[in-house]
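Enquirer: Data: query01.cif, mmCIF, C-alpha atoms.
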```cif
data_my_file
loop_
_atom_site.group_PDB
_atom_site.id
_atom_site.type_symbol
_atom_site.label_atom_id
_atom_site.label_comp_id
_atom_site.auth_asym_id
_atom_site.auth_seq_id
_atom_site.Cartn_x
_atom_site.Cartn_y
_atom_site.Cartn_z
ATOM 1 C CA MET A 1 -2.936 23.132 -15.091
ATOM 2 C CA VAL A 2 -1.005 19.914 -15.694
ATOM 3 C CA THR A 3 -3.064 16.953 -16.914
ATOM 4 C CA ASP A 4 -2.184 13.303 -17.471
ATOM 5 C CA LYS A 5 -1.810 14.082 -21.207
ATOM 6 C CA ASP A 6 1.148 16.405 -20.450
ATOM 7 C CA ILE A 7 3.265 13.818 -18.634
ATOM 8 C CA VAL A 8 6.407 12.484 -20.277
ATOM 9 C CA GLY A 9 8.836 9.938 -18.915
ATOM 10 C CA TYR A 10 8.538 6.276 -18.021
ATOM 11 C CA THR A 11 4.917 5.272 -18.659
ATOM 12 C CA ILE A 12 3.081 2.005 -18.160
ATOM 13 C CA GLY A 13 -0.287 0.925 -19.541
ATOM 14 C CA TYR A 14 -2.456 -2.128 -19.124
ATOM 15 C CA ASP A 15 -1.305 -5.428 -20.605
ATOM 16 C CA GLN A 16 -3.231 -6.014 -23.833
ATOM 17 C CA GLU A 17 -2.631 -9.731 -24.311
ATOM 18 C CA GLU A 18 -4.661 -11.514 -21.631
ATOM 19 C CA VAL A 19 -7.356 -9.062 -20.556
ATOM 20 C CA HIS A 20 -9.602 -8.932 -23.622
ATOM 21 C CA PHE A 21 -11.336 -12.312 -23.384
ATOM 22 C CA PRO A 22 -12.947 -11.994 -19.908
ATOM 23 C CA ILE A 23 -14.355 -8.563 -20.730
ATOM 24 C CA TYR A 24 -15.743 -9.713 -24.064
ATOM 25 C CA ALA A 25 -17.152 -12.854 -22.403
ATOM 26 C CA MET A 26 -18.958 -10.772 -19.767
ATOM 27 C CA THR A 27 -20.311 -8.466 -22.472
ATOM 28 C CA ALA A 28 -21.557 -11.425 -24.515
ATOM 29 C CA LEU A 29 -23.193 -12.946 -21.429
ATOM 30 C CA ALA A 30 -24.952 -9.662 -20.622
ATOM 31 C CA VAL A 31 -26.193 -9.330 -24.210
ATOM 32 C CA ALA A 32 -27.422 -12.949 -24.133
ATOM 33 C CA PHE A 33 -29.429 -12.271 -20.973
ATOM 34 C CA PHE A 34 -30.911 -9.060 -22.414
ATOM 35 C CA VAL A 35 -31.848 -10.752 -25.695
ATOM 36 C CA ALA A 36 -33.383 -13.701 -23.834
ATOM 37 C CA ALA A 37 -35.355 -11.284 -21.654
ATOM 38 C CA ILE A 38 -36.764 -9.579 -24.751
ATOM 39 C CA PHE A 39 -37.607 -12.711 -26.751
ATOM 40 C CA LYS A 40 -38.847 -14.848 -23.831
ATOM 41 C CA GLY A 41 -40.638 -11.951 -22.144
ATOM 42 C CA ILE A 42 -39.012 -12.647 -18.765
ATOM 43 C CA PRO A 43 -37.903 -9.327 -17.206
ATOM 44 C CA ILE A 44 -35.867 -11.051 -14.465
ATOM 45 C CA LEU A 45 -33.352 -12.127 -17.134
ATOM 46 C CA ALA A 46 -32.645 -8.469 -17.901
ATOM 47 C CA VAL A 47 -32.028 -7.842 -14.211
ATOM 48 C CA VAL A 48 -29.678 -10.853 -14.070
ATOM 49 C CA GLY A 49 -27.918 -9.480 -17.173
ATOM 50 C CA LEU A 50 -27.022 -6.308 -15.286
ATOM 51 C CA LEU A 51 -24.359 -8.127 -13.245
ATOM 52 C CA PRO A 52 -22.128 -9.225 -16.168
ATOM 53 C CA ALA A 53 -22.779 -5.845 -17.817
ATOM 54 C CA ALA A 54 -21.550 -4.078 -14.669
ATOM 55 C CA VAL A 55 -18.438 -6.284 -14.515
ATOM 56 C CA ALA A 56 -17.647 -5.545 -18.171
ATOM 57 C CA TYR A 57 -18.192 -1.794 -17.667
ATOM 58 C CA TYR A 58 -15.983 -1.728 -14.556
ATOM 59 C CA ASN A 59 -13.143 -3.417 -16.471
ATOM 60 C CA LEU A 60 -13.542 -1.387 -19.678
ATOM 61 C CA PRO A 61 -10.300 0.617 -19.093
ATOM 62 C CA LEU A 62 -8.340 -2.628 -19.532
ATOM 63 C CA LEU A 63 -9.235 -2.495 -23.248
ATOM 64 C CA GLU A 64 -7.953 1.055 -23.781
ATOM 65 C CA SER A 65 -4.525 0.764 -25.352
ATOM 66 C CA GLY A 66 -1.843 3.408 -25.643
ATOM 67 C CA ARG A 67 -2.931 5.315 -22.547
ATOM 68 C CA PRO A 68 -0.494 5.555 -19.623
ATOM 69 C CA ARG A 69 -1.941 4.368 -16.302
ATOM 70 C CA ILE A 70 1.069 4.903 -14.058
ATOM 71 C CA GLY A 71 4.544 6.233 -14.615
ATOM 72 C CA SER A 72 7.246 8.544 -13.429
ATOM 73 C CA GLY A 73 9.011 11.636 -14.581
ATOM 74 C CA GLN A 74 11.265 14.318 -13.189
ATOM 75 C CA TYR A 75 8.587 15.730 -10.880
ATOM 76 C CA GLY A 76 7.284 12.490 -9.397
ATOM 77 C CA LEU A 77 5.013 9.495 -9.815
ATOM 78 C CA PHE A 78 1.824 9.895 -11.765
ATOM 79 C CA ILE A 79 -1.115 7.593 -11.309
ATOM 80 C CA GLU A 80 -4.291 7.749 -13.370
ATOM 81 C CA GLY A 81 -7.258 8.893 -11.314
ATOM 82 C CA LEU A 82 -5.052 10.070 -8.457
ATOM 83 C CA GLY A 83 -2.523 12.627 -9.667
ATOM 84 C CA LEU A 84 1.147 13.541 -9.699
ATOM 85 C CA ILE A 85 2.888 12.651 -6.430
ATOM 86 C CA SER A 86 6.018 14.609 -5.570
ATOM 87 C CA TRP A 87 9.229 12.579 -5.256
ATOM 88 C CA ARG A 88 9.910 14.305 -1.939
ATOM 89 C CA ALA A 89 6.613 12.995 -0.548
ATOM 90 C CA VAL A 90 7.547 9.359 -1.299
ATOM 91 C CA GLU A 91 8.958 7.502 1.683
ATOM 92 C CA SER A 92 9.325 3.997 0.220
ATOM 93 C CA ILE A 93 8.683 1.921 -2.887
ATOM 94 C CA GLU A 94 8.365 -1.822 -2.360
ATOM 95 C CA THR A 95 6.714 -4.868 -3.867
ATOM 96 C CA LEU A 96 4.592 -7.332 -1.946
ATOM 97 C CA GLU A 97 3.472 -10.767 -3.053
ATOM 98 C CA MET A 98 -0.168 -11.398 -2.168
ATOM 99 C CA VAL A 99 -0.856 -15.130 -1.821
ATOM 100 C CA GLU A 100 -4.466 -16.163 -2.327
ATOM 101 C CA ARG A 101 -6.290 -19.443 -2.806
ATOM 102 C CA THR A 102 -6.043 -19.415 -6.580
ATOM 103 C CA GLY A 103 -2.472 -18.149 -6.839
ATOM 104 C CA SER A 104 -0.399 -15.118 -6.078
ATOM 105 C CA SER A 105 -0.187 -11.566 -7.332
ATOM 106 C CA LEU A 106 2.323 -8.757 -6.941
ATOM 107 C CA GLU A 107 1.529 -5.273 -5.712
ATOM 108 C CA LEU A 108 3.684 -2.167 -5.779
ATOM 109 C CA ILE A 109 3.408 -0.393 -2.442
ATOM 110 C CA ILE A 110 4.184 3.304 -2.395
ATOM 111 C CA GLY A 111 4.603 4.676 1.113
ATOM 112 C CA LEU A 112 4.169 8.418 1.550
ATOM 113 C CA LYS A 113 5.577 10.771 4.174
ATOM 114 C CA LYS A 114 2.321 12.756 4.280
ATOM 115 C CA PRO A 115 -1.352 12.224 3.389
ATOM 116 C CA ILE A 116 -2.407 12.103 -0.270
ATOM 117 C CA PRO A 117 -3.788 15.676 -0.583
ATOM 118 C CA GLU A 118 -0.508 17.120 0.709
ATOM 119 C CA ALA A 119 1.673 14.820 -1.431
ATOM 120 C CA LEU A 120 0.024 15.670 -4.759
ATOM 121 C CA LEU A 121 1.539 18.228 -7.102
ATOM 122 C CA ALA A 122 -1.418 17.803 -9.484
ATOM 123 C CA ASP A 123 -4.746 16.399 -8.318
ATOM 124 C CA TRP A 124 -6.603 14.238 -10.875
ATOM 125 C CA ARG A 125 -9.066 12.611 -8.486
ATOM 126 C CA SER A 126 -12.132 14.266 -9.997
ATOM 127 C CA ARG A 127 -13.245 12.239 -13.001
ATOM 128 C CA PRO A 128 -16.107 12.472 -15.478
ATOM 129 C CA PHE A 129 -19.383 10.970 -14.226
ATOM 130 C CA LEU A 130 -19.341 8.005 -16.625
ATOM 131 C CA ARG A 131 -15.763 7.032 -15.665
ATOM 132 C CA ARG A 132 -16.348 7.061 -11.899
ATOM 133 C CA PRO A 133 -17.502 3.419 -11.659
ATOM 134 C CA MET A 134 -14.624 2.187 -13.863
ATOM 135 C CA ARG A 135 -11.451 0.441 -12.698
ATOM 136 C CA LEU A 136 -8.540 2.476 -11.364
ATOM 137 C CA PRO A 137 -4.944 1.181 -11.419
ATOM 138 C CA TRP A 138 -4.517 1.790 -7.667
ATOM 139 C CA ARG A 139 -6.168 1.533 -4.262
ATOM 140 C CA LEU A 140 -5.495 3.194 -0.932
ATOM 141 C CA ALA A 141 -4.379 0.932 1.905
ATOM 142 C CA SER A 142 -4.186 3.875 4.314
ATOM 143 C CA LYS A 143 -3.866 7.666 4.152
ATOM 144 C CA THR A 144 -0.182 7.306 3.328
ATOM 145 C CA GLU A 145 0.001 4.006 1.400
ATOM 146 C CA ILE A 146 -0.945 3.376 -2.222
ATOM 147 C CA ARG A 147 -1.121 -0.136 -3.663
ATOM 148 C CA ILE A 148 -0.868 -0.835 -7.380
ATOM 149 C CA PRO A 149 -1.498 -4.356 -8.730
ATOM 150 C CA LEU A 150 1.328 -5.172 -11.141
ATOM 151 C CA ASP A 151 -0.113 -8.262 -12.818
ATOM 152 C CA VAL A 152 -2.340 -6.316 -15.242
ATOM 153 C CA LEU A 153 0.367 -3.897 -16.396
ATOM 154 C CA ASP A 154 2.358 -4.215 -19.622
ATOM 155 C CA ARG A 155 5.839 -4.271 -18.073
ATOM 156 C CA PRO A 156 7.508 -6.868 -15.822
ATOM 157 C CA SER A 157 7.023 -6.110 -12.130
ATOM 158 C CA ALA A 158 10.765 -6.129 -11.377
ATOM 159 C CA GLU A 159 11.394 -3.561 -14.129
ATOM 160 C CA ILE A 160 8.630 -1.290 -12.826
ATOM 161 C CA LYS A 161 9.939 -1.356 -9.266
ATOM 162 C CA GLU A 162 13.592 -0.907 -10.272
ATOM 163 C CA THR A 163 12.792 2.028 -12.548
ATOM 164 C CA PHE A 164 10.607 3.771 -9.972
ATOM 165 C CA VAL A 165 13.199 3.299 -7.217
ATOM 166 C CA ARG A 166 16.026 4.515 -9.468
ATOM 167 C CA MET A 167 14.078 7.622 -10.528
ATOM 168 C CA TRP A 168 12.975 8.283 -6.938
ATOM 169 C CA ARG A 169 16.574 8.171 -5.674
ATOM 170 C CA PHE A 170 17.775 10.399 -8.495
ATOM 171 C CA ASN A 171 14.987 13.006 -8.353
ATOM 172 C CA ARG A 172 13.986 13.283 -4.700
ATOM 173 C CA GLY A 173 16.556 15.957 -3.958
ATOM 174 C CA THR A 174 17.304 14.879 -0.402
#
```
Now that the file is in, can you turn its structure into structure tokens?
Expert:
Amino acid sequence: MVTDKDIVGYTIGYDQEEVHFPIYAMTALAVAFFVAAIFKGIPILAVVGLLPAAVAYYNLPLLESGRPRIGSGQYGLFIEGLGLISWRAVESIETLEMVERTGSSLELIIGLKKPIPEALLADWRSRPFLRRPMRLPWRLASKTEIRIPLDVLDRPSAEIKETFVRMWRFNRGT
């Protein structure tokens, strides 16, 4: 069986420059609440400390360096926590700018010709119990649309899109 460790090709991980501080800050805040709960004897502080601890745990994959999160190879697109999607199942690859109150972010939108289970060459959706609540580099917008936020990845968004589109056109075989 093919795993994410066997994939070679164009790989992208999380950006390691800007993501460390918020995770460490949430961890420090959680520890401060837990320590205060112990020394002050106020159990509600430990309960309050669970929120920043949960945020830090959810974002823990952002600290893992050297591990590919998304990428492409001769067989298709691979996405951590989802699987290897056949090039022939991909209908479109586009970017979309999401404008919000605090700014804007870019998302890579991968449109599929068929639902996810039928498009996967290798299914990596089952994960170990402790990794289930952690961040994934993608989300489903519908049964045939995958959205990947590009702002947290270690390559420029234009390069990611251009490379994926070029490899898709070359390898799709249609």
Enquirer: Counting all atoms listed in the file, note down every residue that has an atom within 10 Å of the point (9.3, -7.5, -8.2) (file coordinates), as a count of residues only.
Expert: 15
Enquirer: Which polymer residues have any atom within 12 Å of an atom of A:Tyr57, counting only C-alpha atoms, with same-chain residues fewer than 5 positions away left out, as a ChimeraX atom specification?
Expert: /A:22-24,26-27,30,50-52,62-63,130-135
Enquirer: Store the residues of this selection in a file with C-alpha atoms, as a PDB file, keeping the file's coordinate frame.
Expert:
```pdb
ATOM      1  CA  PRO A  22     -12.947 -11.994 -19.908  1.00  0.00           C
ATOM      2  CA  ILE A  23     -14.355  -8.563 -20.730  1.00  0.00           C
ATOM      3  CA  TYR A  24     -15.743  -9.713 -24.064  1.00  0.00           C
ATOM      4  CA  MET A  26     -18.958 -10.772 -19.767  1.00  0.00           C
ATOM      5  CA  THR A  27     -20.311  -8.466 -22.472  1.00  0.00           C
ATOM      6  CA  ALA A  30     -24.952  -9.662 -20.622  1.00  0.00           C
ATOM      7  CA  LEU A  50     -27.022  -6.308 -15.286  1.00  0.00           C
ATOM      8  CA  LEU A  51     -24.359  -8.127 -13.245  1.00  0.00           C
ATOM      9  CA  PRO A  52     -22.128  -9.225 -16.168  1.00  0.00           C
ATOM     10  CA  LEU A  62      -8.340  -2.628 -19.532  1.00  0.00           C
ATOM     11  CA  LEU A  63      -9.235  -2.495 -23.248  1.00  0.00           C
ATOM     12  CA  LEU A 130     -19.341   8.005 -16.625  1.00  0.00           C
ATOM     13  CA  ARG A 131     -15.763   7.032 -15.665  1.00  0.00           C
ATOM     14  CA  ARG A 132     -16.348   7.061 -11.899  1.00  0.00           C
ATOM     15  CA  PRO A 133     -17.502   3.419 -11.659  1.00  0.00           C
ATOM     16  CA  MET A 134     -14.624   2.187 -13.863  1.00  0.00           C
ATOM     17  CA  ARG A 135     -11.451   0.441 -12.698  1.00  0.00           C
TER      18      ARG A 135
END
```
Enquirer: Identify, on the basis of all atoms listed in the file, every residue whose closest approach to A:Gly13 does not exceed 9 Å; exclude the query and any residue fewer than 2 positions from it along the same chain; express the result as a count of residues only.
Expert: 16
Enquirer: Can you measure atom CA of A:Leu84 to atom CA of A:Phe129 for me? One decimal in Å is fine.
Expert: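 Atom-to-atom, atom CA of A:Leu84 and atom CA of A:Phe129 are spaced 21.2 Å apart.
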Enquirer: Quick one: pull the distance between atom CA of A:Leu29 and atom CA of A:Ala46, Å, one decimal.
Expert: 11.0 Å
Enquirer: Which distance in Å separates atom CA of A:Trp124 and atom CA of A:Asp151, to one decimal?
Expert: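 Separating atom CA of A:Trp124 from atom CA of A:Asp151 is a distance of 23.5 Å.
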Enquirer: What do you get, as number ranges by chain, if you spell out every residue that the PyMOL selection byres ((chain A and resi 169) around 12) selects here?
Expert: A: 74, 76, 87-88, 90-93, 162-168, 170-174
Enquirer: So that all listed atoms of stretch 87-95 of chain A fit with 5 Å spare on each side, what axis-aligned box centre and edge lengths in Å, to one decimal, would you give as JSON?
Expert:
```
{"center_x": 8.3, "center_y": 4.7, "center_z": -1.8, "size_x": 13.3, "size_y": 29.2, "size_z": 16.9}
```
Enquirer: What's around A:Lys114 at 12 Å? Count only C-alpha atoms, leave out sequence neighbours fewer than 3 positions away in its own chain, and write the answer as a ChimeraX atom specification.
Expert: /A:85-92,110-111,117-120,142-146
Enquirer: Counting only C-alpha atoms, which residue out of A:Arg147, A:Gly81, A:Gly73, A:Asn59 sits closest to A:Ala25?
Expert: A:Asn59
Enquirer: Would you mind telling me which residue in A:Ile109, A:Ala28, A:Leu82, A:Met98 lies nearest to A:Val55 when using only C-alpha atoms?
Expert: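 Smallest separation from A:Val55 among the options: A:Ala28.
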Enquirer: Counting only C-alpha atoms, figure out which residue out of A:Gly9, A:Leu112, A:Ser104, A:Ile79 gets nearest to A:Pro137.
Expert: A:Ile79
Enquirer: Check the smallest atom-to-atom distance from each of A:Trp138, A:His20, A:Ile38, A:Glu100 to A:Arg125 using all atoms listed in the file, then report the winner.
Expert: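 Of the candidates, the smallest distance to A:Arg125 is held by A:Trp138.
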Enquirer: Compare A:Gly83, A:Val35, A:Ala53, A:Lys113 by their minimum atom-to-atom distance to A:Arg127, counting all atoms listed in the file, and give me the closest one.
Expert: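 Among the listed residues, the smallest separation from A:Arg127 belongs to A:Gly83.
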Enquirer: So which one's closest to A:Pro115, A:Pro128, A:Arg101, A:Leu140, A:Phe78? Using only C-alpha atoms, please.
Expert: A:Leu140
